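See below for run-v2.cif, which holds mmCIF, C-alpha atoms and all ligand atoms.
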data_input
#
loop_
_atom_site.label_atom_id
_atom_site.label_comp_id
_atom_site.auth_asym_id
_atom_site.auth_seq_id
_atom_site.Cartn_x
_atom_site.Cartn_y
_atom_site.Cartn_z
CA MET P 1 19.38 -13.30 -5.03
CA GLN P 2 15.85 -11.87 -5.36
CA GLU P 3 15.80 -8.31 -6.75
CA HIS P 4 12.84 -6.93 -4.84
CA ILE P 5 12.28 -8.14 -1.29
CA PHE P 6 9.26 -6.98 0.72
CA VAL P 7 9.83 -7.13 4.47
CA LEU P 8 7.03 -6.58 7.02
CA THR P 9 8.27 -6.07 10.57
CA GLY P 10 6.36 -6.16 13.86
CA ALA P 11 7.00 -5.63 17.54
CA GLY P 12 9.21 -8.76 17.74
CA VAL P 13 11.98 -7.00 15.79
CA SER P 14 12.23 -4.36 18.54
CA ALA P 15 11.63 -6.72 21.49
CA GLU P 16 15.34 -7.19 22.15
CA SER P 17 15.75 -3.40 22.17
CA GLY P 18 13.57 -3.36 25.29
CA LEU P 19 10.34 -2.16 23.66
CA GLY P 20 7.50 -4.42 24.71
CA THR P 21 5.43 -6.54 22.33
CA PHE P 22 1.63 -6.38 22.41
CA ARG P 23 0.82 -10.06 22.86
CA ASP P 24 2.90 -12.93 24.17
CA LYS P 25 2.43 -16.41 25.55
CA LYS P 26 3.41 -15.28 29.08
CA GLY P 27 0.60 -12.72 29.16
CA GLU P 28 3.03 -9.83 29.59
CA GLY P 29 2.27 -8.03 26.30
CA ILE P 30 1.17 -4.39 26.32
CA TRP P 31 -2.43 -5.28 25.34
CA GLN P 32 -2.49 -7.99 28.00
CA LYS P 33 -1.65 -5.42 30.68
CA PHE P 34 -3.62 -2.46 29.30
CA ASP P 35 -7.01 -2.44 27.55
CA PRO P 36 -6.50 -1.30 23.93
CA MET P 37 -10.14 -0.16 23.77
CA LYS P 38 -9.32 2.38 26.52
CA LEU P 39 -6.00 3.53 25.03
CA ALA P 40 -5.78 2.87 21.29
CA THR P 41 -9.04 3.94 19.66
CA PRO P 42 -10.22 7.39 18.53
CA GLU P 43 -13.21 6.97 20.86
CA ALA P 44 -10.91 6.43 23.86
CA PHE P 45 -8.98 9.57 22.96
CA ALA P 46 -12.18 11.62 22.67
CA ARG P 47 -13.43 10.27 26.04
CA ASP P 48 -10.20 10.43 28.06
CA PRO P 49 -7.35 12.30 26.30
CA GLU P 50 -5.28 12.60 29.51
CA SER P 51 -4.96 8.82 29.97
CA VAL P 52 -4.28 8.16 26.28
CA LEU P 53 -1.63 10.91 26.05
CA ALA P 54 0.04 9.77 29.30
CA PHE P 55 0.26 6.19 27.93
CA TYR P 56 2.01 7.43 24.76
CA ASP P 57 4.20 9.92 26.69
CA ALA P 58 5.59 7.01 28.75
CA ARG P 59 6.24 4.90 25.65
CA ARG P 60 7.88 7.87 23.86
CA ARG P 61 10.29 8.39 26.79
CA ASN P 62 11.11 4.68 26.74
CA LEU P 63 11.77 4.80 23.00
CA ILE P 64 14.17 7.71 23.28
CA ASN P 65 16.40 5.58 25.55
CA ALA P 66 16.17 2.43 23.38
CA LYS P 67 18.78 1.38 20.83
CA PRO P 68 18.46 -0.57 17.57
CA ASN P 69 19.53 -4.22 17.75
CA ALA P 70 21.29 -6.55 15.31
CA ALA P 71 18.04 -7.28 13.43
CA HIS P 72 17.53 -3.58 12.62
CA PHE P 73 21.16 -3.25 11.48
CA ALA P 74 20.89 -6.37 9.30
CA LEU P 75 17.82 -4.98 7.50
CA ALA P 76 19.68 -1.71 6.83
CA ARG P 77 22.53 -3.78 5.40
CA LEU P 78 20.06 -5.66 3.19
CA GLU P 79 18.65 -2.38 1.85
CA ARG P 80 22.15 -1.16 0.89
CA ALA P 81 23.15 -4.50 -0.65
CA LEU P 82 20.00 -4.75 -2.78
CA ALA P 83 20.35 -1.13 -3.94
CA SER P 84 24.00 -1.68 -4.91
CA ARG P 85 22.87 -4.58 -7.17
CA GLY P 86 20.07 -2.58 -8.77
CA GLY P 87 17.43 -4.23 -6.56
CA ARG P 88 15.15 -2.88 -3.90
CA LEU P 89 13.96 -3.52 -0.35
CA THR P 90 10.46 -2.44 0.58
CA LEU P 91 10.52 -2.21 4.36
CA VAL P 92 7.05 -1.85 5.87
CA THR P 93 6.90 -1.70 9.64
CA GLN P 94 3.93 -1.87 11.96
CA ASN P 95 6.19 -0.43 14.63
CA ILE P 96 5.81 3.17 15.68
CA ASP P 97 9.43 3.33 16.89
CA ASP P 98 12.26 4.79 14.78
CA LEU P 99 14.80 1.99 15.36
CA HIS P 100 14.96 0.98 11.67
CA GLU P 101 15.93 4.56 10.77
CA ARG P 102 18.44 4.78 13.63
CA ALA P 103 20.07 1.57 12.35
CA GLY P 104 20.52 3.18 8.92
CA SER P 105 17.44 2.13 6.90
CA LYS P 106 16.66 4.95 4.47
CA GLU P 107 13.18 4.04 3.23
CA VAL P 108 10.75 2.88 5.89
CA ILE P 109 6.98 2.79 5.51
CA HIS P 110 5.37 3.19 8.95
CA MET P 111 1.91 1.80 8.30
CA HIS P 112 0.82 2.34 11.95
CA GLY P 113 2.40 5.79 12.26
CA GLU P 114 5.31 7.17 14.25
CA LEU P 115 5.52 7.80 17.97
CA LEU P 116 7.97 10.70 17.59
CA LYS P 117 5.46 12.69 15.53
CA ALA P 118 2.31 14.58 16.53
CA ARG P 119 -0.68 15.25 14.31
CA CYS P 120 -3.23 18.02 14.55
CA GLN P 121 -6.77 16.65 14.38
CA ARG P 122 -7.98 20.03 13.14
CA CYS P 123 -5.60 20.89 10.24
CA GLY P 124 -3.89 17.50 9.70
CA ALA P 125 -0.34 18.89 10.04
CA VAL P 126 2.20 16.27 11.14
CA ARG P 127 5.47 17.31 12.76
CA PHE P 128 8.41 15.82 14.64
CA TRP P 129 7.44 15.79 18.35
CA PRO P 130 9.90 14.06 20.71
CA ASP P 131 8.27 15.58 23.84
CA ASP P 132 5.16 14.87 25.89
CA ILE P 133 1.82 16.01 24.44
CA LYS P 134 -0.61 17.68 26.83
CA PRO P 135 -4.35 18.14 26.11
CA SER P 136 -3.97 21.94 26.36
CA TYR P 137 -1.19 22.23 23.78
CA VAL P 138 -1.69 24.45 20.74
CA CYS P 139 -0.98 23.26 17.20
CA PRO P 140 2.06 25.24 15.96
CA HIS P 141 0.65 25.12 12.43
CA CYS P 142 -2.97 26.29 12.77
CA GLY P 143 -3.02 27.58 16.36
CA SER P 144 -5.95 25.48 17.57
CA ALA P 145 -5.84 24.28 21.18
CA GLY P 146 -6.41 20.70 22.33
CA SER P 147 -6.15 19.17 18.88
CA LEU P 148 -2.74 17.45 19.01
CA ARG P 149 -2.53 13.65 19.17
CA PRO P 150 0.21 11.05 18.62
CA HIS P 151 0.66 10.31 14.90
CA VAL P 152 -0.24 6.64 15.33
CA VAL P 153 -2.96 4.41 13.84
CA TRP P 154 -5.49 3.22 16.37
CA PHE P 155 -8.03 0.40 16.04
CA GLY P 156 -10.75 1.35 13.60
CA GLU P 157 -8.50 3.80 11.73
CA MET P 158 -7.13 3.27 8.25
CA PRO P 159 -3.43 2.29 8.21
CA LEU P 160 -1.12 4.57 6.21
CA SER P 161 0.35 4.14 2.69
CA MET P 162 -1.94 1.22 1.78
CA ASP P 163 -1.81 1.89 -1.99
CA GLU P 164 1.99 2.03 -1.97
CA ILE P 165 2.10 -1.20 0.06
CA ASP P 166 -0.24 -3.02 -2.28
CA GLN P 167 1.81 -2.00 -5.31
CA ALA P 168 5.05 -3.17 -3.68
CA LEU P 169 3.46 -6.51 -2.67
CA ARG P 170 2.37 -7.05 -6.25
CA LEU P 171 5.89 -6.42 -7.61
CA ALA P 172 7.91 -8.31 -4.96
CA ASP P 173 10.02 -11.42 -5.60
CA LEU P 174 9.86 -12.48 -1.94
CA PHE P 175 7.62 -11.56 1.04
CA VAL P 176 9.16 -11.85 4.51
CA ALA P 177 7.32 -11.21 7.81
CA ILE P 178 9.56 -10.69 10.84
CA GLY P 179 8.41 -10.65 14.48
CA THR P 180 4.71 -10.11 13.96
CA SER P 181 1.91 -12.19 15.48
CA GLY P 182 -0.41 -12.06 12.46
CA ALA P 183 -3.21 -10.96 14.77
CA VAL P 184 -3.89 -7.46 13.45
CA TYR P 185 -5.39 -6.67 10.04
CA PRO P 186 -4.81 -5.55 7.36
CA ALA P 187 -1.08 -6.34 7.95
CA ALA P 188 -1.91 -9.95 8.89
CA GLY P 189 -3.48 -10.36 5.46
CA PHE P 190 -0.41 -9.27 3.47
CA VAL P 191 0.93 -12.83 3.32
CA ALA P 192 -2.27 -14.04 1.66
CA GLU P 193 -2.15 -11.12 -0.77
CA ALA P 194 1.47 -11.91 -1.62
CA ARG P 195 0.56 -15.54 -2.27
CA ALA P 196 -2.32 -14.48 -4.48
CA TYR P 197 0.21 -12.48 -6.54
CA GLY P 198 2.43 -15.58 -6.78
CA VAL P 199 5.10 -14.20 -4.43
CA PRO P 200 6.97 -16.76 -2.23
CA THR P 201 6.50 -16.14 1.51
CA PHE P 202 8.82 -16.58 4.49
CA GLU P 203 8.22 -16.10 8.23
CA ILE P 204 10.95 -15.21 10.72
CA ASN P 205 9.67 -15.23 14.30
CA LEU P 206 10.40 -16.32 17.82
CA GLU P 207 7.48 -18.73 17.55
CA ALA P 208 4.80 -19.47 14.95
CA ALA P 209 2.45 -16.55 14.23
CA ASP P 210 -1.34 -16.93 14.17
CA ASN P 211 -1.15 -17.01 10.36
CA ALA P 212 1.95 -19.27 10.18
CA TYR P 213 0.06 -21.78 8.01
CA CYS P 214 0.01 -19.18 5.20
CA PHE P 215 3.81 -19.13 4.78
CA ASP P 216 5.83 -21.31 2.42
CA GLU P 217 8.81 -21.39 4.80
CA ALA P 218 9.65 -20.36 8.36
CA ARG P 219 12.63 -19.91 10.62
CA TYR P 220 12.21 -19.56 14.39
CA GLY P 221 14.49 -17.88 16.94
CA PRO P 222 15.29 -14.40 18.32
CA ALA P 223 15.35 -11.73 15.60
CA SER P 224 18.79 -10.48 16.70
CA GLU P 225 20.17 -13.87 15.57
CA THR P 226 17.84 -15.09 12.81
CA VAL P 227 17.70 -11.85 10.81
CA PRO P 228 21.49 -11.22 10.57
CA ALA P 229 21.98 -14.91 9.66
CA TRP P 230 19.36 -14.72 6.90
CA VAL P 231 20.80 -11.44 5.53
CA GLU P 232 24.32 -12.90 5.59
CA GLU P 233 23.08 -15.88 3.55
CA LEU P 234 21.55 -13.52 1.00
CA VAL P 235 24.26 -10.89 0.62
CA GLY P 236 27.40 -12.18 2.35
CA GLY P 237 30.55 -13.46 0.73
C1 LIG F 1 9.81 -12.06 18.42
C2 LIG F 1 10.69 -11.75 19.46
C3 LIG F 1 12.07 -11.79 19.18
C4 LIG F 1 8.69 -11.63 20.23
N1 LIG F 1 12.47 -12.12 17.93
N2 LIG F 1 10.22 -12.37 17.19
C5 LIG F 1 -10.32 -8.24 9.60
C6 LIG F 1 -9.86 -7.55 8.48
C7 LIG F 1 -9.50 -6.20 8.57
C8 LIG F 1 -9.57 -5.53 9.80
C9 LIG F 1 -10.04 -6.23 10.90
C10 LIG F 1 -10.41 -7.55 10.81
N3 LIG F 1 -10.83 -7.93 12.02
C11 LIG F 1 -10.71 -6.87 12.86
C12 LIG F 1 -10.22 -5.83 12.21
C13 LIG F 1 -9.93 -4.50 12.81
C14 LIG F 1 -8.60 -4.33 13.49
C15 LIG F 1 -7.95 -5.64 13.87
O1 LIG F 1 -7.15 -6.20 13.15
N4 LIG F 1 -8.26 -6.14 15.06
C16 LIG F 1 -7.67 -7.40 15.52
C17 LIG F 1 -7.43 -7.31 17.00
C18 LIG F 1 -8.56 -8.54 15.10
N5 LIG F 1 -7.73 -3.57 12.65
C19 LIG F 1 -7.81 -2.25 12.59
O2 LIG F 1 -8.62 -1.62 13.23
C20 LIG F 1 -6.86 -1.55 11.64
N6 LIG F 1 -7.58 -0.71 10.76
C21 LIG F 1 -8.42 -1.21 9.84
O3 LIG F 1 -8.63 -2.40 9.75
O4 LIG F 1 -8.99 -0.26 9.02
C22 LIG F 1 -9.91 -0.72 8.01
C23 LIG F 1 -9.23 -1.41 6.86
C24 LIG F 1 -9.74 -2.59 6.37
C25 LIG F 1 -9.12 -3.23 5.30
C26 LIG F 1 -8.02 -2.68 4.71
C27 LIG F 1 -7.51 -1.51 5.21
C28 LIG F 1 -8.11 -0.90 6.30
C29 LIG F 1 -5.90 -0.65 12.43
C30 LIG F 1 -4.97 -1.44 13.27
C31 LIG F 1 -4.12 -0.50 14.09
C32 LIG F 1 -3.22 -1.27 15.03
N7 LIG F 1 -2.66 -0.40 15.97
C33 LIG F 1 -1.67 -0.92 16.91
C34 LIG F 1 -1.32 0.19 17.88
C35 LIG F 1 -0.45 1.25 17.19
C36 LIG F 1 -0.03 2.33 18.13
C37 LIG F 1 0.68 1.79 19.35
O5 LIG F 1 1.76 1.17 19.23
O6 LIG F 1 0.16 1.96 20.44
O7 LIG F 1 -0.54 -1.41 16.20
S1 LIG F 1 -2.26 -2.38 17.81
C38 LIG F 1 -0.69 -3.19 17.83
O8 LIG F 1 -0.78 -4.42 17.06
C39 LIG F 1 0.26 -2.26 17.05
C40 LIG F 1 1.04 -3.26 16.24
O9 LIG F 1 1.62 -2.62 15.12
C41 LIG F 1 0.00 -4.29 15.87
C42 LIG F 1 0.56 -5.60 15.46
O10 LIG F 1 1.28 -6.19 16.49
P1 LIG F 1 2.62 -7.02 16.19
O11 LIG F 1 3.64 -6.11 15.66
O12 LIG F 1 2.29 -8.20 15.37
O13 LIG F 1 3.07 -7.40 17.66
P2 LIG F 1 2.54 -8.60 18.62
O14 LIG F 1 2.88 -8.21 19.99
O15 LIG F 1 1.15 -8.96 18.33
O16 LIG F 1 3.43 -9.85 18.19
C43 LIG F 1 4.81 -9.86 18.49
C44 LIG F 1 5.44 -10.98 17.68
O17 LIG F 1 6.84 -10.89 17.86
C45 LIG F 1 5.02 -12.39 18.12
O18 LIG F 1 4.71 -13.16 16.97
C46 LIG F 1 6.28 -12.95 18.81
O19 LIG F 1 6.45 -14.35 18.58
C47 LIG F 1 7.37 -12.17 18.13
N8 LIG F 1 8.57 -11.98 18.94
N9 LIG F 1 9.98 -11.50 20.58
C48 LIG F 1 11.55 -12.40 16.98
N10 LIG F 1 13.00 -11.52 20.10
#
Write the structure described by the file as structure tokens, please.
Amino acid sequence: MQEHIFVLTGAGVSAESGLGTFRDKKGEGIWQKFDPMKLATPEAFARDPESVLAFYDARRRNLINAKPNAAHFALARLERALASRGGRLTLVTQNIDDLHERAGSKEVIHMHGELLKARCQRCGAVRFWPDDIKPSYVCPHCGSAGSLRPHVVWFGEMPLSMDEIDQALRLADLFVAIGTSGAVYPAAGFVAEARAYGVPTFEINLEAADNAYCFDEARYGPASETVPAWVEELVGG
């Protein structure tokens, strides 16, 4: 078994937990129903904070009622199994939900932020925030009014932990992308980076991603079935 596995997850891993994906072939993805330029950019937030905050309030309430599925639990099992053999799982998620953590994963890198946290635009303080955010709210850290926003990465903003991610990609024995369309950069470029470092690459998805041609191997089907089966092959028995 490989000692250091790098897993990148996307919205597809949480789809069967009832959290919508952003793009799908039926045209029912979040960004097919709502315009991301009006809801997921710093400019949109500056122009219309009420609409942006209401969009994230609704998704936060939905998340609180969601539950992790078998794919999340399998990845937590993989983390424990690798650690018990002196190996390591680097789990990088583009998802802003906390379903990996609720399934038992201990180390999760949220490169697009976390929906259950708020950040102050004035002082930069980030804190757990499971409630709605209103434009009038005051930052509990610095006391400024109207400066709180969801701790998420919008288009045009720099994703989080990029240095840590690059280092882990460089050191991995296997790169696996699960449930991500390969449409959003820089995450969509990780597979090419991994290949450039000589790391074998594997896609697990419901259907081929936009960057499927970059992967050495692929397995298609719902994450709640394909991920536990793959983990069982690696660590079972
Ligand atoms: C299943 C399943 C089941 C379904 N089982 N599978 C070229 C290079 C670099 C940047 C750019 C570039 N061109 C353009 C850019 C800029 C932009 C970008 O990529 N735009 C594209 C639209 C082209 N990127 C940015 O602005 C990023 N910042 C940036 O680039 O900074 C500069 C920089 C440059 C170089 C290095 C470093 C930095 C920021 C991107 C922020 C993305 N933010 C969002 C919103 C977060 C908050 C929120 O949730 O509201 O992140 S957008 C949205 O897309 C969200 C997701 O994390 C992200 C990716 O989506 P994901 O996870 O792939 O989901 P889907 O819906 O697209 O796909 C679902 C998949 O699941 C499908 O494949 C299905 O088949 C599968 N599936 N059911 C298994 N049951």
For the point (3.7, -18.8, 2.1) in the file's frame, write as a PDB file with C-alpha atoms, in the coordinates of the input all residues with an atom no more than 12 Å away, counting only C-alpha atoms.
ATOM      1  CA  LEU P 174       9.860 -12.480  -1.940  1.00  0.00           C
ATOM      2  CA  PHE P 175       7.620 -11.560   1.040  1.00  0.00           C
ATOM      3  CA  VAL P 176       9.160 -11.850   4.510  1.00  0.00           C
ATOM      4  CA  ALA P 177       7.320 -11.210   7.810  1.00  0.00           C
ATOM      5  CA  GLY P 189      -3.480 -10.360   5.460  1.00  0.00           C
ATOM      6  CA  PHE P 190      -0.410  -9.270   3.470  1.00  0.00           C
ATOM      7  CA  VAL P 191       0.930 -12.830   3.320  1.00  0.00           C
ATOM      8  CA  ALA P 192      -2.270 -14.040   1.660  1.00  0.00           C
ATOM      9  CA  GLU P 193      -2.150 -11.120  -0.770  1.00  0.00           C
ATOM     10  CA  ALA P 194       1.470 -11.910  -1.620  1.00  0.00           C
ATOM     11  CA  ARG P 195       0.560 -15.540  -2.270  1.00  0.00           C
ATOM     12  CA  ALA P 196      -2.320 -14.480  -4.480  1.00  0.00           C
ATOM     13  CA  TYR P 197       0.210 -12.480  -6.540  1.00  0.00           C
ATOM     14  CA  GLY P 198       2.430 -15.580  -6.780  1.00  0.00           C
ATOM     15  CA  VAL P 199       5.100 -14.200  -4.430  1.00  0.00           C
ATOM     16  CA  PRO P 200       6.970 -16.760  -2.230  1.00  0.00           C
ATOM     17  CA  THR P 201       6.500 -16.140   1.510  1.00  0.00           C
ATOM     18  CA  PHE P 202       8.820 -16.580   4.490  1.00  0.00           C
ATOM     19  CA  GLU P 203       8.220 -16.100   8.230  1.00  0.00           C
ATOM     20  CA  ILE P 204      10.950 -15.210  10.720  1.00  0.00           C
ATOM     21  CA  ASN P 211      -1.150 -17.010  10.360  1.00  0.00           C
ATOM     22  CA  ALA P 212       1.950 -19.270  10.180  1.00  0.00           C
ATOM     23  CA  TYR P 213       0.060 -21.780   8.010  1.00  0.00           C
ATOM     24  CA  CYS P 214       0.010 -19.180   5.200  1.00  0.00           C
ATOM     25  CA  PHE P 215       3.810 -19.130   4.780  1.00  0.00           C
ATOM     26  CA  ASP P 216       5.830 -21.310   2.420  1.00  0.00           C
ATOM     27  CA  GLU P 217       8.810 -21.390   4.800  1.00  0.00           C
ATOM     28  CA  ALA P 218       9.650 -20.360   8.360  1.00  0.00           C
TER      29      ALA P 218
END
Among the residues P:Val152, P:Val138, P:Leu91, P:Leu234, the one that comes closest to ligand LIG 1 (chain F) [using only C-alpha atoms and all ligand atoms]: P:Val152
So which residues are near ligand LIG 1 (chain F), meaning at most 6 Å away with only C-alpha atoms and all ligand atoms counted, given back as a PyMOL selection string? chain P and resi 10-13+15-16+21-23+94-96+112+152-159+179-186+205-207+209+222-223
One decimal, Å: what's the distance from atom CA of P:Glu114 over to atom CA of P:Pro150, could you say?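 Between these atoms lies a distance of 7.8 Å.
Our summary of the geometry notes that atom CA of P:Arg77 is positioned 27.9 Å from atom CA of P:Trp129.
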Tell me which residues come within 8 Å of (8.6, -2.6, 3.7), as a PDB file with C-alpha atoms, keeping the file's coordinate frame, counting only C-alpha atoms in the file's coordinates.
ATOM      1  CA  PHE P   6       9.260  -6.980   0.720  1.00  0.00           C
ATOM      2  CA  VAL P   7       9.830  -7.130   4.470  1.00  0.00           C
ATOM      3  CA  LEU P   8       7.030  -6.580   7.020  1.00  0.00           C
ATOM      4  CA  THR P   9       8.270  -6.070  10.570  1.00  0.00           C
ATOM      5  CA  LEU P  89      13.960  -3.520  -0.350  1.00  0.00           C
ATOM      6  CA  THR P  90      10.460  -2.440   0.580  1.00  0.00           C
ATOM      7  CA  LEU P  91      10.520  -2.210   4.360  1.00  0.00           C
ATOM      8  CA  VAL P  92       7.050  -1.850   5.870  1.00  0.00           C
ATOM      9  CA  THR P  93       6.900  -1.700   9.640  1.00  0.00           C
ATOM     10  CA  VAL P 108      10.750   2.880   5.890  1.00  0.00           C
ATOM     11  CA  ILE P 109       6.980   2.790   5.510  1.00  0.00           C
ATOM     12  CA  ILE P 165       2.100  -1.200   0.060  1.00  0.00           C
TER      13      ILE P 165
END
So that I can check the surroundings of P:Glu79, please list as a PyMOL selection string every protein, DNA and RNA residue that reaches within 9 Å of it, counting all atoms listed in the file and ignoring chain neighbours fewer than 3 positions away. chain P and resi 74-76+82-84+87-91+105-107
Using only C-alpha atoms: which of P:Ser51, P:Lys33, P:His72, P:Ala66 has the shortest distance to P:Val231: P:His72
P:Leu99, P:Val52, P:Ala168, P:Ala46 ranked by distance to P:Ser14, top pick (using all atoms listed in the file):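 Smallest separation from P:Ser14 among the options: P:Leu99.
For the pair atom CA of P:Asp131 and atom CA of P:Lys117, the separation is 9.2 Å.
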Which centre and edge lengths in Å to one decimal define the box along x, y and z that fits every listed atom of stretch 184-203 of chain P plus 5 Å per side, as AutoDock Vina command-line options?
--center_x 1.7 --center_y -11.2 --center_z 3.3 --size_x 24.2 --size_y 21.2 --size_z 30.2
Selected residue, from P:Val235, P:Ala187, P:Ala125, P:Ile30, that lies nearest to P:Leu169 when counting only C-alpha atoms: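 Nearest to P:Leu169: P:Ala187.
Minimum distance to P:Arg60 across P:Val126, P:Ile5, P:Leu171, P:Leu19 (counting all atoms listed in the file) occurs at P:Leu19.
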Show which residues sit within 12 Å of P:Ser136, as a list in words. Count only C-alpha atoms, and ignore same-chain residues fewer than 2 positions away.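 So the residues in contact are Pro49, Glu50, Leu53, Asp132, Ile133, Lys134, Val138, Cys139, Gly143, Ser144, Ala145, Gly146, Ser147, Leu148 and Arg149 of chain P.
Using all atoms listed in the file, the shortest contact distance between P:Tyr56 and any of P:Gly221, P:Glu28, P:Asp173, P:Ala40 is found at P:Ala40.
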Can you patch up stretch 185-199 of chain P, filling it in to N, CA and C atoms, and show the result as a PDB file, in the coordinates of the input?
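What landed in selection.pdb:
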ATOM      1  N   TYR P 185      -5.146  -6.930  11.464  1.00  0.00           N
ATOM      2  CA  TYR P 185      -5.390  -6.670  10.040  1.00  0.00           C
ATOM      3  C   TYR P 185      -5.365  -5.174   9.761  1.00  0.00           C
ATOM      4  N   PRO P 186      -5.042  -4.756   8.558  1.00  0.00           N
ATOM      5  CA  PRO P 186      -4.810  -5.550   7.360  1.00  0.00           C
ATOM      6  C   PRO P 186      -3.421  -6.168   7.237  1.00  0.00           C
ATOM      7  N   ALA P 187      -2.453  -5.811   8.101  1.00  0.00           N
ATOM      8  CA  ALA P 187      -1.080  -6.340   7.950  1.00  0.00           C
ATOM      9  C   ALA P 187      -1.063  -7.869   7.945  1.00  0.00           C
ATOM     10  N   ALA P 188      -1.899  -8.486   8.788  1.00  0.00           N
ATOM     11  CA  ALA P 188      -1.910  -9.950   8.890  1.00  0.00           C
ATOM     12  C   ALA P 188      -2.354 -10.601   7.579  1.00  0.00           C
ATOM     13  N   GLY P 189      -3.005  -9.820   6.729  1.00  0.00           N
ATOM     14  CA  GLY P 189      -3.480 -10.360   5.460  1.00  0.00           C
ATOM     15  C   GLY P 189      -2.488 -10.193   4.314  1.00  0.00           C
ATOM     16  N   PHE P 190      -1.363  -9.500   4.571  1.00  0.00           N
ATOM     17  CA  PHE P 190      -0.410  -9.270   3.470  1.00  0.00           C
ATOM     18  C   PHE P 190       0.144 -10.576   2.913  1.00  0.00           C
ATOM     19  N   VAL P 191       0.360 -11.564   3.790  1.00  0.00           N
ATOM     20  CA  VAL P 191       0.930 -12.830   3.320  1.00  0.00           C
ATOM     21  C   VAL P 191      -0.015 -13.499   2.315  1.00  0.00           C
ATOM     22  N   ALA P 192      -1.310 -13.434   2.585  1.00  0.00           N
ATOM     23  CA  ALA P 192      -2.270 -14.040   1.660  1.00  0.00           C
ATOM     24  C   ALA P 192      -2.302 -13.266   0.345  1.00  0.00           C
ATOM     25  N   GLU P 193      -2.190 -11.931   0.460  1.00  0.00           N
ATOM     26  CA  GLU P 193      -2.150 -11.120  -0.770  1.00  0.00           C
ATOM     27  C   GLU P 193      -0.922 -11.475  -1.598  1.00  0.00           C
ATOM     28  N   ALA P 194       0.230 -11.582  -0.912  1.00  0.00           N
ATOM     29  CA  ALA P 194       1.470 -11.910  -1.620  1.00  0.00           C
ATOM     30  C   ALA P 194       1.311 -13.243  -2.339  1.00  0.00           C
ATOM     31  N   ARG P 195       0.753 -14.221  -1.651  1.00  0.00           N
ATOM     32  CA  ARG P 195       0.560 -15.540  -2.270  1.00  0.00           C
ATOM     33  C   ARG P 195      -0.352 -15.455  -3.487  1.00  0.00           C
ATOM     34  N   ALA P 196      -1.392 -14.635  -3.354  1.00  0.00           N
ATOM     35  CA  ALA P 196      -2.320 -14.480  -4.480  1.00  0.00           C
ATOM     36  C   ALA P 196      -1.607 -13.876  -5.691  1.00  0.00           C
ATOM     37  N   TYR P 197      -0.585 -13.065  -5.438  1.00  0.00           N
ATOM     38  CA  TYR P 197       0.210 -12.480  -6.540  1.00  0.00           C
ATOM     39  C   TYR P 197       1.327 -13.432  -6.993  1.00  0.00           C
ATOM     40  N   GLY P 198       1.406 -14.609  -6.384  1.00  0.00           N
ATOM     41  CA  GLY P 198       2.430 -15.580  -6.780  1.00  0.00           C
ATOM     42  C   GLY P 198       3.789 -15.331  -6.161  1.00  0.00           C
ATOM     43  N   VAL P 199       3.828 -14.556  -5.074  1.00  0.00           N
ATOM     44  CA  VAL P 199       5.100 -14.200  -4.430  1.00  0.00           C
ATOM     45  C   VAL P 199       5.407 -15.248  -3.341  1.00  0.00           C
TER      46      VAL P 199
END
